[in-house]
Amino acid sequence: MDLFSTGLMSGIGFLAVVLVMLRFESIGGWTLGEVAFLAGMIEMSFGLMDMVFGGFDPDWFSGVVQSGRFDQFLLRPVNLATQLLGANFLLRRLGRVLEGIVFFGLSLWLTPVSWSVAKLLYLPVVVLSQVVAMGSLFMVGSGLIFWTVQRIEAVNILTYGGVELMSYPVHIYPRWLQRFFTFGVPFVFLNYYPALYFLDKPDVLGFPVFAPFWAPLAAAGMLLMAIWFWRFALRHYQSTGS
Amino acid sequence: MAMIQVANLVKTFTVNQRGGGLRALFAPRRRTVTAVKDISFALQEGEMVGYLGPNGAGKSTTIKMLTGLLVPSSGEVLVDGMIPWKNRIRYVQKIGVVFGQRSSLWWDLPVMDSFDLLQAMYSIPRERYQRNLKMFREILELDDFLQLPVRSISLGQRMRAELCAALLHEPQLLFLDEPTIGLDVVAKERIRTFIRYVHEERHATIVLTTHDLTDIERLCERVMILDHGKILYDGALKQLLERFEGQRRLVVTLADPLAAPRLPGLAEPRREGAQVFYSFDPKTHSAAQILAMLNEEQTILDVEVRRAGLEDTIRRIYEQQLLFPVDDRTGKAN
């Protein structure tokens with residue numbers, strides 16, 4: 001039931017993309033199918049990420065810190081990441097993954113991609129990179145909890161907002177937003193550029209031709225930063241009174 | 001070498017003042033609170049110490065630093081040769097912790113499943129695990145609720161399960177933070193018996209914080225009293241009582257209570273039915289002296305000497321501020 005309802009919930013997200021597309025026919029020169037490819041890929045990754053990195057979800061983690069349960073994690077002789085990831089693993093998140101897969105399949109039906117061996121090999125790499133990159137944001141968000149205790153909405157803007165934003169071709173956004181998601185949080189290289197490669201679309205932003213292949217690099221960089229930040233933040237854990 | 005060595009330990013918290021919205025995120029109004037102010041002490045292997053203090057004295061903060069949950073603002077902690085907050089995983093293998101107000105068990109799982117999970121987490125060899133479990137099941141009488149989920153057992157049962165959980169991996173160092181909180185007299189006594197067993201039979205070093213002074217009286221020879229983040233007293237419980245106990249009361253039942261005499265050097269006795277109360281200062285009089293004087297004038301049917309409880313003594317120490325912080329260089333009370 002949970003599985004079904006989360007699937008339905010995010011299915012409505014897909015409907016939103018379709019409605020927008022029906023209204024404009026194309027967005028920034030991208031057809032419905034192409035935008036669906038973009039949105040489907042990130043949706044699928046987000047679902048996977050939410051399942052794998054659920055323990056670092058700031059919304060959940062703030063509750064763990066507030067209730068003092070985090071002390072118990074610290075008292076056990078097991079790696080913190082292992083404990084956290086295991087503690088909030090919910091199978092119902094599979095709903096969102098399934099929905100992403102359906103979404104993605106639909107886009108392939110709308111826009112036939114001319115697949116090559118290289119593309120088929122690169123697709124899982126891109127999905128994995130997206131999972132890691134968004135998971136890193138979750139880690140940063142949960143790290144901030146050590147100071148704020150309460151969850152910070154600003155982080156949700158980055159994670160949930162980022163997914164929404166990445167569902168459309170990035171060149172339709174204002175320059176400052178593009179710059180932020182290029183140099184601040186390099187989401188551009190994780191979804192938009194790989195999509196250019198898969199769909200054989202021209203780059204209108206003027207990055208080197210190999211920019212589509214920066215996804216794993218961007219993800220690895222984000223993960224390293226996130227791990228460093230999380231460890232730094234942990235030193236500032238204040239626990240809660242009892 | 002000392003099991004626990006603490007030197008000039010300080011912990012300061014920054015507390016965000018309440019204030020809404022975005023401002024709180026970018027320019028929060030902050031206040032610093034020093035919970036632990038420069039404390040030093042040492043604990044030898046096999047010692048059991050009672051760590052006392054009113055709410056907010058810094059007890060829990062100290063325990064959290066000793067268990068590696070919090071990183072001190074300054075100062076040094078060395079426990080069994082390790083710095084608690086570094087090498088967290090290696091350190092927590094060696095200690096056992098019970099927070100009376102928190103649960104280390106899995107809420108929705110049967111008690112037994114929690115133990116099994118802990119066995120895996122601590123990689124306790126099967127044989128040792130079985131041996132300990134068997135022993136604790138017996139002493140703590142766990143069998144009645146071993147298969148019940150944690151959420152449905154009583155507080156007293158839960159605390160017994162918590163103690164078992166904290167000891168399955170045979171730690172030589174035990175931190176017990178309010179292990180008897182909220183329990184009834186019988187349950188408390190059972191927990192105390194178990195703590196004494198662990199201390200005497202297993203020679204574990206134990207740090208015990210509690211609000212129940214009976215716990216301390218029954219279990220600890222050494223006490224540390226903390227107030228406002230400073231150690232006020234660190235030494236033998238007996239000496240503390242001798243120093244601050246103040247007046248004792250001799251309660252006698254006399255054949256003719258109405259004719260209870262006033263004794264030289266003592267205040268007017270108080271009468272309650274057949275019982276007569278003589279207050280005396282143990283430094284100037286002894287109970288035997290008073291009895292001898294009384295015996296000359298009256299027939300004594302029954303005798304009882306009442307000392308002020310630890311409870312009264314500690315309350316007087318806080319209220320009248322009888323103690324000043326311990327000098328950290330000498331480690332002796334002023």
# chains A, B, ... in the order shown; residues from 1 in each chain; ligands from 1
>>> closest_atom_pairs(of="chain B", to="chain A", cutoff="6 Å", atoms="only C-alpha atoms", output="Markdown table")
| residue | atom | partner | partner_atom | distance |
| --- | --- | --- | --- | --- |
| B:Ile89 | CA | A:Pro77 | CA | 4.4 |
| B:Val92 | CA | A:Pro77 | CA | 5.7 |
| B:Gln93 | CA | A:Pro77 | CA | 5.7 |
>>> write_last_selection(atoms="N, CA, C and O atoms", output="tab-separated table (two decimals), in the first residue's frame")
chain	number	residue	atom	x	y	z
B	89	ILE	N	35.31	3.54	17.66
B	89	ILE	CA	34.89	2.14	17.56
B	89	ILE	C	35.68	1.23	18.49
B	89	ILE	O	35.13	0.38	19.19
B	92	VAL	N	34.58	2.11	22.32
B	92	VAL	CA	33.27	1.67	22.83
B	92	VAL	C	33.17	0.15	22.97
B	92	VAL	O	32.31	-0.36	23.67
B	93	GLN	N	34.08	-0.58	22.31
B	93	GLN	CA	34.16	-2.03	22.50
B	93	GLN	C	34.45	-2.37	23.96
B	93	GLN	O	34.08	-3.42	24.45
>>> residues_around(residues="segment 110-127 of chain B", least_positions_apart="2", cutoff="12 Å", atoms="only C-alpha atoms", output="ChimeraX atom specification")
/A:72-73,75-80,82-83 /B:89-96,103-108,129-134,136-137,142-153,157-171
>>> residues_around(residues="Trp230 of chain A", least_positions_apart="2", cutoff="8 Å", atoms="only C-alpha atoms", output="PyMOL selection string")
chain A and resi 139-140+142-143+226-228+232-234
>>> write_last_selection(atoms="N, CA, C and O atoms", output="PDB file, in the first residue's frame")
ATOM      1  N   MET A 139      24.084  14.129   3.122  1.00  0.00           N
ATOM      2  CA  MET A 139      25.097  14.070   4.185  1.00  0.00           C
ATOM      3  C   MET A 139      25.408  15.466   4.719  1.00  0.00           C
ATOM      4  O   MET A 139      25.518  15.668   5.929  1.00  0.00           O
ATOM      5  N   VAL A 140      25.552  16.413   3.811  1.00  0.00           N
ATOM      6  CA  VAL A 140      25.822  17.793   4.245  1.00  0.00           C
ATOM      7  C   VAL A 140      24.641  18.294   5.077  1.00  0.00           C
ATOM      8  O   VAL A 140      24.817  18.888   6.142  1.00  0.00           O
ATOM      9  N   SER A 142      22.509  16.559   6.819  1.00  0.00           N
ATOM     10  CA  SER A 142      22.438  15.941   8.143  1.00  0.00           C
ATOM     11  C   SER A 142      23.597  16.421   9.009  1.00  0.00           C
ATOM     12  O   SER A 142      23.476  16.516  10.226  1.00  0.00           O
ATOM     13  N   GLY A 143      24.723  16.749   8.403  1.00  0.00           N
ATOM     14  CA  GLY A 143      25.847  17.305   9.157  1.00  0.00           C
ATOM     15  C   GLY A 143      25.477  18.634   9.799  1.00  0.00           C
ATOM     16  O   GLY A 143      25.845  18.911  10.943  1.00  0.00           O
ATOM     17  N   ALA A 226      31.543  15.973   1.168  1.00  0.00           N
ATOM     18  CA  ALA A 226      30.473  15.658   2.114  1.00  0.00           C
ATOM     19  C   ALA A 226      31.010  14.850   3.295  1.00  0.00           C
ATOM     20  O   ALA A 226      30.666  15.106   4.450  1.00  0.00           O
ATOM     21  N   ILE A 227      31.867  13.872   3.000  1.00  0.00           N
ATOM     22  CA  ILE A 227      32.430  13.039   4.072  1.00  0.00           C
ATOM     23  C   ILE A 227      33.274  13.892   5.000  1.00  0.00           C
ATOM     24  O   ILE A 227      33.159  13.813   6.231  1.00  0.00           O
ATOM     25  N   TRP A 228      34.109  14.741   4.380  1.00  0.00           N
ATOM     26  CA  TRP A 228      34.944  15.632   5.193  1.00  0.00           C
ATOM     27  C   TRP A 228      34.049  16.505   6.071  1.00  0.00           C
ATOM     28  O   TRP A 228      34.284  16.679   7.277  1.00  0.00           O
ATOM     29  N   PHE A 232      33.766  16.672  10.241  1.00  0.00           N
ATOM     30  CA  PHE A 232      34.013  17.942  10.909  1.00  0.00           C
ATOM     31  C   PHE A 232      32.807  18.303  11.784  1.00  0.00           C
ATOM     32  O   PHE A 232      32.944  18.697  12.943  1.00  0.00           O
ATOM     33  N   ALA A 233      31.631  18.135  11.218  1.00  0.00           N
ATOM     34  CA  ALA A 233      30.398  18.492  11.924  1.00  0.00           C
ATOM     35  C   ALA A 233      30.211  17.629  13.175  1.00  0.00           C
ATOM     36  O   ALA A 233      29.758  18.103  14.213  1.00  0.00           O
ATOM     37  N   LEU A 234      30.585  16.354  13.073  1.00  0.00           N
ATOM     38  CA  LEU A 234      30.382  15.412  14.186  1.00  0.00           C
ATOM     39  C   LEU A 234      31.104  15.884  15.450  1.00  0.00           C
ATOM     40  O   LEU A 234      30.632  15.675  16.568  1.00  0.00           O
TER      41      LEU A 234
END
>>> select_by_dssp(residues="segment 119-194 of chain B", states="strand (DSSP E or B)", output="list in words")
Pro149, Leu173, Leu174, Phe175, Leu176 and Asp177 of chain B
>>> write_last_selection(atoms="C-alpha atoms", output="CSV table (one decimal), in the first residue's frame")
chain,number,residue,atom,x,y,z
B,149,PRO,CA,9.1,-6.6,22.5
B,173,LEU,CA,34.6,-0.2,32.6
B,174,LEU,CA,31.0,0.7,33.3
B,175,PHE,CA,29.2,4.0,33.1
B,176,LEU,CA,25.8,3.9,34.8
B,177,ASP,CA,23.8,7.1,34.4
>>> closest_atom_pairs(of="segment 138-174 of chain A", to="segment 197-220 of chain A", cutoff="12 Å", atoms="only C-alpha atoms", output="tab-separated table")
residue	atom	partner	partner_atom	distance
A:Pro169	CA	A:Val204	CA	10.7
A:Val170	CA	A:Leu205	CA	9.3
A:His171	CA	A:Leu205	CA	7.2
A:Ile172	CA	A:Val204	CA	10.5
A:Tyr173	CA	A:Leu205	CA	11.6
>>> select_by_dssp(residues="segment 52-208 of chain A", states="alpha helix (DSSP H)", output="PyMOL selection string")
chain A and resi 52+58-66+69-74+80-87+94-110+117-148+153-166+175-179+192-199
>>> residues_around(residues="Leu213 of chain B", least_positions_apart="2", cutoff="12 Å", atoms="only C-alpha atoms", output="PyMOL selection string")
chain B and resi 50-54+178+180-181+188+192+208-211+215-220+223+225+237+309-315
>>> write_last_selection(atoms="N, CA, C and O atoms", output="CSV table (one decimal), in the first residue's frame")
chain,number,residue,atom,x,y,z
B,50,GLY,N,30.7,7.1,43.2
B,50,GLY,CA,29.3,7.7,43.0
B,50,GLY,C,29.5,9.2,42.6
B,50,GLY,O,30.3,9.9,43.2
B,51,TYR,N,28.9,9.5,41.5
B,51,TYR,CA,29.0,10.9,40.9
B,51,TYR,C,27.7,11.6,41.2
B,51,TYR,O,26.7,11.3,40.6
B,52,LEU,N,27.8,12.6,42.1
B,52,LEU,CA,26.6,13.2,42.6
B,52,LEU,C,26.5,14.7,42.2
B,52,LEU,O,27.5,15.3,42.0
B,53,GLY,N,25.3,15.2,42.1
B,53,GLY,CA,25.2,16.6,41.9
B,53,GLY,C,23.7,16.9,41.5
B,53,GLY,O,23.0,16.0,41.0
B,54,PRO,N,23.3,18.1,41.8
B,54,PRO,CA,21.9,18.5,41.4
B,54,PRO,C,21.8,18.5,39.9
B,54,PRO,O,22.8,18.5,39.1
B,178,GLU,N,22.1,7.2,36.1
B,178,GLU,CA,20.8,7.0,36.7
B,178,GLU,C,20.1,5.7,36.4
B,178,GLU,O,19.0,5.6,35.8
B,180,THR,N,18.7,3.6,38.3
B,180,THR,CA,17.5,3.3,39.1
B,180,THR,C,16.4,4.3,39.0
B,180,THR,O,15.4,4.2,39.7
B,181,ILE,N,16.5,5.2,38.1
B,181,ILE,CA,15.5,6.3,38.0
B,181,ILE,C,14.1,5.7,37.7
B,181,ILE,O,13.9,4.9,36.8
B,188,LYS,N,14.7,-1.3,42.5
B,188,LYS,CA,16.0,-0.6,42.8
B,188,LYS,C,17.0,-1.5,43.5
B,188,LYS,O,18.1,-1.6,43.1
B,192,ARG,N,20.7,-2.7,42.4
B,192,ARG,CA,21.9,-2.5,43.2
B,192,ARG,C,22.6,-3.8,43.5
B,192,ARG,O,23.9,-3.8,43.4
B,208,LEU,N,29.1,5.7,38.7
B,208,LEU,CA,27.6,5.7,38.9
B,208,LEU,C,27.1,7.1,39.2
B,208,LEU,O,27.5,7.7,40.1
B,209,THR,N,26.2,7.6,38.3
B,209,THR,CA,25.6,8.8,38.7
B,209,THR,C,24.1,8.5,39.1
B,209,THR,O,23.5,7.6,38.5
B,210,THR,N,23.6,9.2,40.1
B,210,THR,CA,22.3,8.9,40.5
B,210,THR,C,21.7,10.1,41.3
B,210,THR,O,22.5,10.9,41.8
B,211,HIS,N,20.4,10.1,41.4
B,211,HIS,CA,19.8,11.1,42.3
B,211,HIS,C,19.4,10.4,43.6
B,211,HIS,O,19.0,11.0,44.6
B,215,ASP,N,21.3,4.6,46.6
B,215,ASP,CA,22.2,3.9,45.7
B,215,ASP,C,23.7,4.1,46.2
B,215,ASP,O,24.5,3.1,46.2
B,216,ILE,N,24.0,5.3,46.4
B,216,ILE,CA,25.4,5.7,46.8
B,216,ILE,C,25.7,5.0,48.1
B,216,ILE,O,26.8,4.4,48.3
B,217,GLU,N,24.8,5.2,49.1
B,217,GLU,CA,25.1,4.6,50.4
B,217,GLU,C,25.3,3.1,50.4
B,217,GLU,O,26.2,2.6,51.0
B,218,ARG,N,24.6,2.4,49.5
B,218,ARG,CA,24.7,1.0,49.5
B,218,ARG,C,25.9,0.5,48.7
B,218,ARG,O,26.4,-0.5,48.9
B,219,LEU,N,26.3,1.4,47.7
B,219,LEU,CA,27.3,0.8,46.8
B,219,LEU,C,28.7,1.5,46.8
B,219,LEU,O,29.6,0.8,46.5
B,220,CYS,N,28.7,2.8,47.1
B,220,CYS,CA,30.0,3.4,46.8
B,220,CYS,C,30.8,3.8,48.1
B,220,CYS,O,30.2,4.3,49.1
B,223,VAL,N,32.9,9.1,46.8
B,223,VAL,CA,31.9,10.0,46.1
B,223,VAL,C,32.6,11.2,45.5
B,223,VAL,O,33.6,11.7,46.1
B,225,ILE,N,31.3,15.0,44.4
B,225,ILE,CA,30.1,15.9,44.4
B,225,ILE,C,30.4,17.0,43.4
B,225,ILE,O,31.4,17.7,43.5
B,237,LEU,N,33.1,8.5,51.2
B,237,LEU,CA,31.7,8.8,51.7
B,237,LEU,C,31.7,8.9,53.2
B,237,LEU,O,31.0,9.8,53.7
B,309,GLY,N,20.3,11.4,57.4
B,309,GLY,CA,20.6,10.6,56.2
B,309,GLY,C,21.5,11.3,55.3
B,309,GLY,O,21.7,12.5,55.4
B,310,LEU,N,22.1,10.6,54.3
B,310,LEU,CA,22.9,11.2,53.3
B,310,LEU,C,22.1,12.3,52.6
B,310,LEU,O,22.6,13.3,52.2
B,311,GLU,N,20.9,12.0,52.4
B,311,GLU,CA,20.0,12.9,51.7
B,311,GLU,C,20.0,14.3,52.4
B,311,GLU,O,20.2,15.3,51.7
B,312,ASP,N,19.8,14.3,53.7
B,312,ASP,CA,19.8,15.6,54.4
B,312,ASP,C,21.2,16.2,54.3
B,312,ASP,O,21.3,17.4,54.2
B,313,THR,N,22.2,15.4,54.5
B,313,THR,CA,23.5,15.9,54.5
B,313,THR,C,23.8,16.6,53.1
B,313,THR,O,24.3,17.8,53.1
B,314,ILE,N,23.5,15.9,52.1
B,314,ILE,CA,23.8,16.5,50.7
B,314,ILE,C,23.0,17.8,50.5
B,314,ILE,O,23.5,18.8,50.0
B,315,ARG,N,21.7,17.7,50.9
B,315,ARG,CA,20.9,18.9,50.8
B,315,ARG,C,21.5,20.1,51.5
B,315,ARG,O,21.6,21.2,51.0
>>> residues_around(residues="Pro84 of chain B", least_positions_apart="3", cutoff="7 Å", atoms="only C-alpha atoms", output="ChimeraX atom specification")
/B:66-68,79,88,91
